[in-house]
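The structure under discussion appears below in the form of C-alpha cells.
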Amino acid sequence: MNPVIRWLRLYFIQAWFSYRALFAWSTPFNYIASKLGFPFFSMLLFIFLGKYVGLNDPVYIVIGNILLLPSLNGVMGISMTIGGEKQFGALSYLLGSPAPRSAVFVGRAFFHIIDGFVAVLIALPIAILVFHLDLEQTNFLWLALSVLLICITSTGLGFIMGVVTLLSRDGWMITSTLALAFYVLIGVNFPIELLPPVLKSISLALPMTRGIQAARMALNGAHFAELAPLLAGEVLIGLTYIIFGYALFRGVERISFRNGALDNL
Amino acid sequence: MNAIEAKSLQKVFITRRGFWRQKRKSTIAVEDVSFQVEQGELFGVLGPNGAGKTTTVKMLTTILLPTQGSGSILGHDLVKDTREIRKHIGFTFGGARGLYGRLTAMDNLRYFAELYALDPLYSKKRIPEMLEMVGLLDRSDDRVETFSSGMQQRLHLARALLHNPDVLFLDEPTVGIDPVGARELRQTVKSLQQAGKTILLTTHYMAEAEELCDRIAIVNHGKIVAMDTPSALRRRISPESVVEITVSQENAVVIEEMIKKLDGKLRMESISSLTEQHYSLFTPEPETVLEALSPALQTRSIQGLQVRNQTMEDVYIAIIEETSLNA
Amino acid sequence: MHNFLRFARQQISVQLQIRTFNLYSLLLFFIQPAIFSAVGMVLSRAAGNAAPDLVYTVIGGGILGMWSGMVFTSTYDIRSDRRDGILELLIASPTSLRRIEAVRTFTNITASLVSLLVAVGAAVAIFHFSFNGINIFRLLLAVVILLYSLWCLGVFLANFLAWSRLSGSLVDFLELPMAFLCGFMYPITVLPQWLQGISTFVPVRWALQALNATLLKNQEISQYWFHIGMALLTATIFWLTSLWFDRKVHDHIRLTGELSSI
C-alpha cells in the first residue's frame, strides 16, 4: 500500500475508534450533559455573577462561553483519549506497534475538532433563542473560520495535557484545572485587557485567545483585513503547541524506552 | 449442615448496545448451578473461560444477587442473611485489582481489618502473621503499586484470611504466581483445609485441582456438566490409557498407516512441529496398540514412547468437548 | 461507639492518604476556587467597582471550592473503587457501604474546608476583610450547619453514584447547577423567583444564606434561625432519604453487576 494512503487510513480509522471508545459506554443524555450541560451552567453562574456585580448585559459572557466549547473537546477530550490508553492498558501495545506515531497521536484530534465545531453550531441557535443574540451584523464566513481555528489550535494544548495524563496519576485533575483557568485567561467572560500584565502575557501565549477575539469581531461584522493579524497569530500559536505536544510525546516515549516511565504507575 | 449450598442458581446480565436506539441484550452467565459442599471439604470448580465460574463465586460471596435460585452459606440465606454470611467468608479473585496502590501492604490489611471489625489487638498480631504466611512480611511497608501481580495476588490471600473465615472462596488463586510460589500457595491451601476450613477453589490448572480437591465440578455454558471426585471423573470417561508417541516427520506417514489399521479401537490427537510429530492415542487396550506399533519400535522409527493413565486435563477436555457438542 | 470511632479513624486516615495529601487536592482545594474568585473579581472591575465583594466573590469562591471538592472527591472515590475492583470488596464486607461513605464524605468535606479557610485568609490578608461586629457564635454555627448540609448531600450523592456506572455523569452535571442555583457566589435574590424556588429543598442554599448574611451583618435574628432551621430540616431529609436509598442501591448494583467497571 502507498505509504501516504496507509498513513491517511491509519489517521482516520484510529481517530474514529479512539473517539468512539471515549463515548461507547455513554447514553445520549450523558453525552449531551457532558458536552453542553457543564458549559451551560458555568455560563449561567458567570452571567448571574456578572449581574450581581453590575454587568447587566450577559451577551459578552454568553458569546465567550459558546466560543469556549471547542476547548472542552480539544483539551479535555484529547487528553482523556490519550490518557485513557494507559488507563485501559493499551499503551504498551500502541507503543510496541510499528504504526507511525504522527498518524496515531495527531489523529486523535480529528473527531474532537468536528465535535467542537458541532457543539458551537448547536449552542448558537440556543443562545439566539434564550438570550436574543443578534447575528444581523455577523460575518459568518470569518466566524466559521475563527471557530474552526479555535477547534484546531486547542488540540495543541490537548496533546500536551495528554502527555501529562500519561505521566501523572493526577493528570486528569491538572487538565480539569487548566480548563477552568480558561474562564479567566482567554477572554471568555471579560476582555483580556482587564487582566493584570502577568496574566495578560500568559493569555496571549495561549491558543484560543486570538481565535476568540477574532470570532467576537466577526460576530460584529469585521472583515478579513481586521481579522488577519489575529488569525495569523492564532495559526502560529496553535501550530507551535501542536508541534510541541507531538514532540513532547515522542520525547517521553524515548525516555520511557529507557526507564519505563510510561509503563509504570 | 452443609457449608455451601447452591440450588438452581441463575444469573442473567442485561447489557445495552448502540447509542441512540439502545438494544437490550440478555447474557446468561450462569444458567443452572446446584451443588453442596460439606464443611471441611475442598471443592474445585473447573471450566473454560466464560463458563460462569467467577459469576457463581460472586453470587455465593454475596457480591451479586442471583436472578433466580437460592443458596446458603453455613445455613445463612444468600439473599436474606448477607451481612451474617460476610462475617464468615473470605474470598479472592484472580488478578491484581482490588487494592489501594498508594497504600502499603500493611495499611491495606489494616483497612480491611477495620471493615471486618477486627479487634485492634487481634489485628496487630494477625496482620504480620498473614503477611508472613504469604511471604510478604519484608515488603509490608512498601506501597502496593510497587508489587508484581503475583505479590498482589498473595496479598489478597492474606486479606481474605484476616478475619479467620470458616469458608474460603479462591477464584484462580495461583494465576500470575511463579511455580515455586504456586506450590507454596497450594501447600497453604491444603493446610487451611486441614485446619478445618471449607474451601471452594476455581482454577484452570488441572494438576492443581487434582492435587487439592476432594471433589471437582466441571462447569460449561453456565451449567455443571460433571461433578465427582477426581478419580471417579477419570473413570467416568472410560478406563482408557494414553499411548504417547513421538516420531520424526519423515516417519510420520508410516506410523499413521499403522495407526489407521487400529481404527475403531482408539481415539487420536496429534501435534506437529517442524521436525517431529507427536501422537496421543487414547485406548482401553494399550497392549494392542503397542503390538501394532512393534515393527516401528524394532526399526527405531519411534523416538519417544510412553504409556500413561489419563490425566485430569484429558478428562476435562473430553467432558468439555462432549458437552460443547451437545450444547 | 468505641468500635465506630476506631473504624472512623481508620477510614479517615486512609481517605486522607489516598485523596487529600497529593497534587489532586492542591488543585481542587486551592487553585480551582481561586479561579472562580478571580473571574468574580475581574467582572467586578469590569463593572467599575473599586473593590470586589469580599463575601460573595472571595469567600464565595472558597465555598464553591468546598462544594466542588466534596463532589469531585466523592465521585472519584466511587469511580476509582469501581474501576480498581475495590467496590466489590467493600460491598462484600460486613461493614455497610453507607457507613463507609458517611465517613469518607465527612473526611472529604473536612479536607475541603481548607478552601474556605484559604479564601477567608485571602479576604483578611489581601483585602483586609474585618470580622469586627460579626457575631462569631452565629458565624461558627452557620459554618457547622453548612458542613452538615454538605455532608448529608454528599452521603446521598455517594449512594446515587454507587447505583450505576452512568450516574457519575449525572452528578458531574449537578455540580455547577447547584452552585448557580444556591447562591454560592452571589445572593440568591439575584436569581428570578422561579429559579430561587428550585433550590428550596437544597440545604446548602439555606446554610449559605445564614452564613453570608452573618458575614454581611445584615440579617434579622429570626431570619437567621429560619435559615438555619431550613438547612437542618432539608439536610436531614436528604440523609434520611439516603438511609432508605442505601438498601435499594445495595440490591440494585448486586443485581445488575455494576460493581465493577469490567
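Residues in the C-alpha cells are named by chain (A, B, ... in the order shown) and by number from 1 within that chain; ligands are numbered from 1 in the order shown.
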
Residue hits in chain C, query chain A, radius 10 Å, only C-alpha atoms, as a JSON list (two decimals) with N, CA and C atoms, in the first residue's frame:
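To be explicit, this is the file written out as selection.json:
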[["chain", "number", "residue", "atom", "x", "y", "z"],
["C", 22, "ASN", "N", -2.09, 14.95, 48.19],
["C", 22, "ASN", "CA", -1.46, 14.85, 46.87],
["C", 22, "ASN", "C", -1.81, 16.05, 46.01],
["C", 23, "LEU", "N", -1.23, 16.07, 44.83],
["C", 23, "LEU", "CA", -1.39, 17.20, 43.91],
["C", 23, "LEU", "C", -2.86, 17.45, 43.57],
["C", 24, "TYR", "N", -3.58, 16.38, 43.47],
["C", 24, "TYR", "CA", -5.01, 16.44, 43.17],
["C", 24, "TYR", "C", -5.73, 17.41, 44.09],
["C", 25, "SER", "N", -5.46, 17.28, 45.37],
["C", 25, "SER", "CA", -6.17, 18.11, 46.34],
["C", 25, "SER", "C", -5.67, 19.55, 46.29],
["C", 26, "LEU", "N", -4.40, 19.73, 46.03],
["C", 26, "LEU", "CA", -3.86, 21.07, 45.92],
["C", 26, "LEU", "C", -4.63, 21.85, 44.85],
["C", 27, "LEU", "N", -4.84, 21.16, 43.72],
["C", 27, "LEU", "CA", -5.54, 21.82, 42.62],
["C", 27, "LEU", "C", -7.01, 22.03, 42.96],
["C", 28, "LEU", "N", -7.59, 21.03, 43.57],
["C", 28, "LEU", "CA", -9.03, 21.07, 43.84],
["C", 28, "LEU", "C", -9.37, 22.08, 44.93],
["C", 31, "ILE", "N", -6.56, 25.93, 43.95],
["C", 31, "ILE", "CA", -6.48, 26.64, 42.68],
["C", 31, "ILE", "C", -7.83, 26.80, 42.00],
["C", 32, "GLN", "N", -8.63, 25.75, 42.01],
["C", 32, "GLN", "CA", -9.94, 25.88, 41.36],
["C", 32, "GLN", "C", -10.81, 26.96, 42.00],
["C", 33, "PRO", "N", -10.91, 27.01, 43.34],
["C", 33, "PRO", "CA", -11.70, 28.09, 43.93],
["C", 33, "PRO", "C", -11.13, 29.47, 43.59],
["C", 34, "ALA", "N", -9.80, 29.54, 43.54],
["C", 34, "ALA", "CA", -9.17, 30.83, 43.23],
["C", 34, "ALA", "C", -9.57, 31.30, 41.83],
["C", 35, "ILE", "N", -9.74, 30.35, 40.93],
["C", 35, "ILE", "CA", -10.12, 30.71, 39.56],
["C", 35, "ILE", "C", -11.50, 31.34, 39.54],
["C", 36, "PHE", "N", -12.43, 30.74, 40.26],
["C", 36, "PHE", "CA", -13.78, 31.31, 40.29],
["C", 36, "PHE", "C", -13.77, 32.69, 40.94],
["C", 37, "SER", "N", -13.01, 32.82, 42.00],
["C", 37, "SER", "CA", -12.92, 34.14, 42.65],
["C", 37, "SER", "C", -12.31, 35.16, 41.71],
["C", 38, "ALA", "N", -11.31, 34.71, 40.96],
["C", 38, "ALA", "CA", -10.64, 35.64, 40.01],
["C", 38, "ALA", "C", -11.63, 36.14, 38.97],
["C", 39, "VAL", "N", -12.48, 35.24, 38.47],
["C", 39, "VAL", "CA", -13.49, 35.66, 37.48],
["C", 39, "VAL", "C", -14.39, 36.70, 38.12],
["C", 40, "GLY", "N", -14.84, 36.43, 39.35],
["C", 40, "GLY", "CA", -15.72, 37.37, 40.05],
["C", 40, "GLY", "C", -15.06, 38.73, 40.23],
["C", 41, "MET", "N", -13.77, 38.69, 40.57],
["C", 41, "MET", "CA", -13.07, 39.95, 40.83],
["C", 41, "MET", "C", -12.89, 40.76, 39.56],
["C", 42, "VAL", "N", -12.55, 40.10, 38.47],
["C", 42, "VAL", "CA", -12.33, 40.84, 37.22],
["C", 42, "VAL", "C", -13.67, 41.34, 36.67],
["C", 43, "LEU", "N", -14.71, 40.55, 36.81],
["C", 43, "LEU", "CA", -16.04, 41.01, 36.39],
["C", 43, "LEU", "C", -16.45, 42.24, 37.20],
["C", 44, "SER", "N", -16.11, 42.20, 38.46],
["C", 44, "SER", "CA", -16.43, 43.33, 39.33],
["C", 44, "SER", "C", -15.69, 44.58, 38.86],
["C", 45, "ARG", "N", -14.42, 44.39, 38.48],
["C", 45, "ARG", "CA", -13.64, 45.52, 37.97],
["C", 45, "ARG", "C", -14.23, 46.00, 36.65],
["C", 46, "ALA", "N", -14.67, 45.04, 35.80],
["C", 46, "ALA", "CA", -15.27, 45.41, 34.51],
["C", 46, "ALA", "C", -16.52, 46.25, 34.71],
["C", 47, "ALA", "N", -17.21, 45.98, 35.83],
["C", 47, "ALA", "CA", -18.45, 46.73, 36.10],
["C", 47, "ALA", "C", -18.15, 48.08, 36.75],
["C", 48, "GLY", "N", -16.88, 48.36, 36.97],
["C", 48, "GLY", "CA", -16.49, 49.65, 37.50],
["C", 48, "GLY", "C", -16.44, 49.73, 39.02],
["C", 49, "ASN", "N", -16.49, 48.57, 39.70],
["C", 49, "ASN", "CA", -16.41, 48.58, 41.16],
["C", 49, "ASN", "C", -14.96, 48.78, 41.59],
["C", 52, "PRO", "N", -13.57, 44.31, 45.00],
["C", 52, "PRO", "CA", -14.51, 43.18, 44.84],
["C", 52, "PRO", "C", -15.32, 42.96, 46.11],
["C", 53, "ASP", "N", -16.46, 42.33, 45.95],
["C", 53, "ASP", "CA", -17.28, 41.95, 47.09],
["C", 53, "ASP", "C", -16.58, 40.79, 47.79],
["C", 56, "TYR", "N", -19.08, 37.48, 48.79],
["C", 56, "TYR", "CA", -19.56, 36.59, 47.71],
["C", 56, "TYR", "C", -18.47, 36.21, 46.72],
["C", 57, "THR", "N", -17.61, 37.18, 46.41],
["C", 57, "THR", "CA", -16.63, 36.90, 45.37],
["C", 57, "THR", "C", -15.43, 36.13, 45.92],
["C", 72, "PHE", "N", -16.23, 16.28, 43.73],
["C", 72, "PHE", "CA", -15.14, 15.63, 42.99],
["C", 72, "PHE", "C", -14.60, 14.42, 43.74],
["C", 83, "ARG", "N", -13.52, 1.06, 39.31],
["C", 83, "ARG", "CA", -12.54, 0.74, 38.28],
["C", 83, "ARG", "C", -11.47, -0.20, 38.82],
["C", 165, "ARG", "N", -22.94, 2.79, 36.83],
["C", 165, "ARG", "CA", -21.73, 3.37, 36.25],
["C", 165, "ARG", "C", -22.02, 4.73, 35.62],
["C", 166, "LEU", "N", -23.24, 4.92, 35.15],
["C", 166, "LEU", "CA", -23.56, 6.16, 34.43],
["C", 166, "LEU", "C", -23.95, 7.30, 35.35],
["C", 167, "SER", "N", -24.21, 6.99, 36.61],
["C", 167, "SER", "CA", -24.72, 8.06, 37.47],
["C", 167, "SER", "C", -23.66, 9.10, 37.78],
["C", 168, "GLY", "N", -22.38, 8.71, 37.58],
["C", 168, "GLY", "CA", -21.31, 9.69, 37.79],
["C", 168, "GLY", "C", -21.46, 10.90, 36.89],
["C", 169, "SER", "N", -21.90, 10.65, 35.66],
["C", 169, "SER", "CA", -22.07, 11.76, 34.72],
["C", 169, "SER", "C", -23.17, 12.69, 35.19],
["C", 170, "LEU", "N", -24.22, 12.12, 35.74],
["C", 170, "LEU", "CA", -25.32, 12.95, 36.23],
["C", 170, "LEU", "C", -24.84, 13.82, 37.39],
["C", 172, "ASP", "N", -21.76, 14.85, 37.85],
["C", 172, "ASP", "CA", -20.96, 15.91, 37.25],
["C", 172, "ASP", "C", -21.86, 17.02, 36.76],
["C", 173, "PHE", "N", -22.98, 16.63, 36.18],
["C", 173, "PHE", "CA", -23.94, 17.56, 35.61],
["C", 173, "PHE", "C", -24.56, 18.43, 36.70],
["C", 174, "LEU", "N", -24.64, 17.90, 37.92],
["C", 174, "LEU", "CA", -25.29, 18.64, 39.00],
["C", 174, "LEU", "C", -24.38, 19.66, 39.68],
["C", 175, "GLU", "N", -23.07, 19.48, 39.50],
["C", 175, "GLU", "CA", -22.13, 20.27, 40.30],
["C", 175, "GLU", "C", -22.33, 21.77, 40.12],
["C", 176, "LEU", "N", -22.26, 22.24, 38.89],
["C", 176, "LEU", "CA", -22.39, 23.68, 38.67],
["C", 176, "LEU", "C", -23.82, 24.19, 38.80],
["C", 177, "PRO", "N", -24.83, 23.43, 38.37],
["C", 177, "PRO", "CA", -26.19, 23.92, 38.63],
["C", 177, "PRO", "C", -26.44, 24.22, 40.10],
["C", 178, "MET", "N", -25.91, 23.36, 40.97],
["C", 178, "MET", "CA", -26.09, 23.61, 42.40],
["C", 178, "MET", "C", -25.44, 24.93, 42.80],
["C", 179, "ALA", "N", -24.23, 25.16, 42.26],
["C", 179, "ALA", "CA", -23.51, 26.38, 42.60],
["C", 179, "ALA", "C", -24.30, 27.60, 42.10],
["C", 180, "PHE", "N", -24.90, 27.44, 40.93],
["C", 180, "PHE", "CA", -25.62, 28.55, 40.32],
["C", 180, "PHE", "C", -26.96, 28.78, 41.00],
["C", 181, "LEU", "N", -27.62, 27.70, 41.41],
["C", 181, "LEU", "CA", -28.96, 27.84, 41.99],
["C", 181, "LEU", "C", -28.97, 28.17, 43.48],
["C", 183, "GLY", "N", -26.74, 30.12, 45.13],
["C", 183, "GLY", "CA", -26.15, 31.39, 45.51],
["C", 183, "GLY", "C", -24.80, 31.26, 46.17],
["C", 184, "PHE", "N", -23.92, 30.46, 45.56],
["C", 184, "PHE", "CA", -22.59, 30.31, 46.13],
["C", 184, "PHE", "C", -21.80, 31.61, 46.02],
["C", 185, "MET", "N", -21.94, 32.31, 44.89],
["C", 185, "MET", "CA", -21.09, 33.49, 44.68],
["C", 185, "MET", "C", -21.88, 34.77, 44.47],
["C", 186, "TYR", "N", -23.15, 34.72, 44.80],
["C", 186, "TYR", "CA", -23.98, 35.93, 44.76],
["C", 186, "TYR", "C", -25.20, 35.64, 45.61],
["C", 187, "PRO", "N", -25.88, 36.71, 46.07],
["C", 187, "PRO", "CA", -27.09, 36.47, 46.86],
["C", 187, "PRO", "C", -28.13, 35.77, 46.01],
["C", 188, "ILE", "N", -28.85, 34.91, 46.61],
["C", 188, "ILE", "CA", -29.85, 34.14, 45.86],
["C", 188, "ILE", "C", -30.93, 35.04, 45.27],
["C", 189, "THR", "N", -31.08, 36.24, 45.85],
["C", 189, "THR", "CA", -32.09, 37.17, 45.35],
["C", 189, "THR", "C", -31.75, 37.71, 43.95],
["C", 190, "VAL", "N", -30.52, 37.48, 43.49],
["C", 190, "VAL", "CA", -30.14, 37.87, 42.13],
["C", 190, "VAL", "C", -30.90, 37.02, 41.10],
["C", 191, "LEU", "N", -31.24, 35.81, 41.49],
["C", 191, "LEU", "CA", -31.95, 34.90, 40.56],
["C", 191, "LEU", "C", -33.42, 35.29, 40.50]]

Determine which residues of chain C sit within 12 Å of chain B, taking into account only C-alpha atoms, and present them as a CSV table (one decimal) with C-alpha atoms, in the first residue's frame.
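The result, written out as iface-v7.csv:
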chain,number,residue,atom,x,y,z
C,2,HIS,CA,-15.9,2.8,70.6
C,3,ASN,CA,-15.8,0.4,67.6
C,4,PHE,CA,-17.3,3.0,65.3
C,5,LEU,CA,-14.8,5.7,66.4
C,6,ARG,CA,-11.9,3.3,65.7
C,7,PHE,CA,-13.4,2.4,62.3
C,8,ALA,CA,-13.9,6.1,61.5
C,9,ARG,CA,-10.3,6.9,62.5
C,10,GLN,CA,-9.0,4.2,60.2
C,11,GLN,CA,-11.2,5.3,57.3
C,12,ILE,CA,-10.3,8.9,57.7
C,13,SER,CA,-6.6,8.0,57.7
C,14,VAL,CA,-6.9,6.0,54.5
C,15,GLN,CA,-9.0,8.6,52.8
C,16,LEU,CA,-6.5,11.4,53.7
C,17,GLN,CA,-3.7,9.3,52.3
C,18,ILE,CA,-5.4,8.4,49.1
C,19,ARG,CA,-7.3,11.6,48.3
C,20,THR,CA,-6.0,14.6,50.3
C,21,PHE,CA,-2.3,14.5,50.6
C,22,ASN,CA,-1.5,14.8,46.9
C,77,ASP,CA,-13.9,7.7,45.3
C,80,SER,CA,-12.0,4.7,41.2
C,81,ASP,CA,-13.2,2.0,43.5
C,82,ARG,CA,-15.4,0.6,40.8
C,83,ARG,CA,-12.5,0.7,38.3
C,84,ASP,CA,-10.0,-0.8,40.6
C,85,GLY,CA,-12.2,-3.7,41.8
C,86,ILE,CA,-12.4,-2.4,45.4
C,87,LEU,CA,-16.1,-1.6,45.3
C,88,GLU,CA,-16.9,-5.3,45.2
C,89,LEU,CA,-14.7,-5.9,48.2
C,90,LEU,CA,-16.4,-3.1,50.1
C,91,ILE,CA,-19.9,-4.3,49.3
C,92,ALA,CA,-19.0,-7.8,50.3
C,93,SER,CA,-17.6,-6.8,53.7
C,94,PRO,CA,-19.8,-6.8,56.8
C,95,THR,CA,-19.5,-3.0,57.1
C,96,SER,CA,-22.2,-1.3,55.1
C,97,LEU,CA,-21.3,0.9,52.2
C,99,ARG,CA,-21.2,3.7,56.8
C,100,ILE,CA,-18.0,3.7,54.7
C,247,ARG,CA,-30.8,-0.8,50.8
C,250,HIS,CA,-27.1,-2.4,47.7
C,251,ASP,CA,-29.6,-4.7,46.0
C,252,HIS,CA,-29.6,-2.9,42.6
C,253,ILE,CA,-25.9,-3.0,42.0
C,254,ARG,CA,-25.7,-6.6,43.0
C,255,LEU,CA,-28.5,-7.4,40.6
C,256,THR,CA,-27.1,-5.5,37.7
C,257,GLY,CA,-23.5,-6.4,38.4
C,258,GLU,CA,-22.3,-2.8,38.0
C,259,LEU,CA,-20.0,-3.2,41.0
C,260,SER,CA,-17.1,-3.4,38.6
C,261,SER,CA,-16.2,-1.5,35.5
C,262,ILE,CA,-15.3,-4.7,33.8

Task: Residue among A:Pro3, A:Pro28, A:Gly238, A:Gly187 lying closest to chain B, counting only C-alpha atoms - done: A:Pro28

Open item on the list: Among segment 9-192 of chain B, which ones does DSSP assign to alpha helix (DSSP H) (computed from the backbone)? Answer as a VMD selection string.
Closed with: chain B and resid 53 to 60 82 to 88 105 to 115 120 to 133 149 to 161 179 to 192

Open item on the list: For Met206 of chain B, find every residue with an atom within 9 Å (counting only C-alpha atoms), except residues of its own chain fewer than 5 positions away, and show them as an MDAnalysis selection string.
Closed with: chainID B and resid 46 211 311:313 316

Hey, can you spit out that residue selection with N, CA and C atoms as a PDB file, in the first residue's frame?
ATOM      1  N   LEU B  46     -14.023 -26.244  37.876  1.00  0.00           N
ATOM      2  CA  LEU B  46     -13.249 -26.050  36.659  1.00  0.00           C
ATOM      3  C   LEU B  46     -14.185 -25.669  35.526  1.00  0.00           C
ATOM      4  N   GLU B 211      -4.667 -32.322  42.606  1.00  0.00           N
ATOM      5  CA  GLU B 211      -3.846 -32.433  43.809  1.00  0.00           C
ATOM      6  C   GLU B 211      -4.619 -32.040  45.053  1.00  0.00           C
ATOM      7  N   THR B 311      -4.922 -38.041  32.382  1.00  0.00           N
ATOM      8  CA  THR B 311      -4.803 -37.007  33.419  1.00  0.00           C
ATOM      9  C   THR B 311      -6.135 -36.278  33.546  1.00  0.00           C
ATOM     10  N   MET B 312      -6.181 -35.472  34.528  1.00  0.00           N
ATOM     11  CA  MET B 312      -7.380 -34.653  34.752  1.00  0.00           C
ATOM     12  C   MET B 312      -7.619 -33.751  33.546  1.00  0.00           C
ATOM     13  N   GLU B 313      -6.538 -33.336  32.932  1.00  0.00           N
ATOM     14  CA  GLU B 313      -6.670 -32.454  31.761  1.00  0.00           C
ATOM     15  C   GLU B 313      -7.360 -33.196  30.620  1.00  0.00           C
ATOM     16  N   TYR B 316     -10.976 -33.491  31.539  1.00  0.00           N
ATOM     17  CA  TYR B 316     -11.630 -32.175  31.428  1.00  0.00           C
ATOM     18  C   TYR B 316     -11.912 -31.849  29.959  1.00  0.00           C
TER      19      TYR B 316
END

TODO: Fewer than 6 positions away in the same chain doesn't count, so skip those; otherwise give me all residues within 9 Å of Phe105 of chain A, counting only C-alpha atoms, as an MDAnalysis selection string.
DONE: chainID A and resid 11 15 82 159 246 249
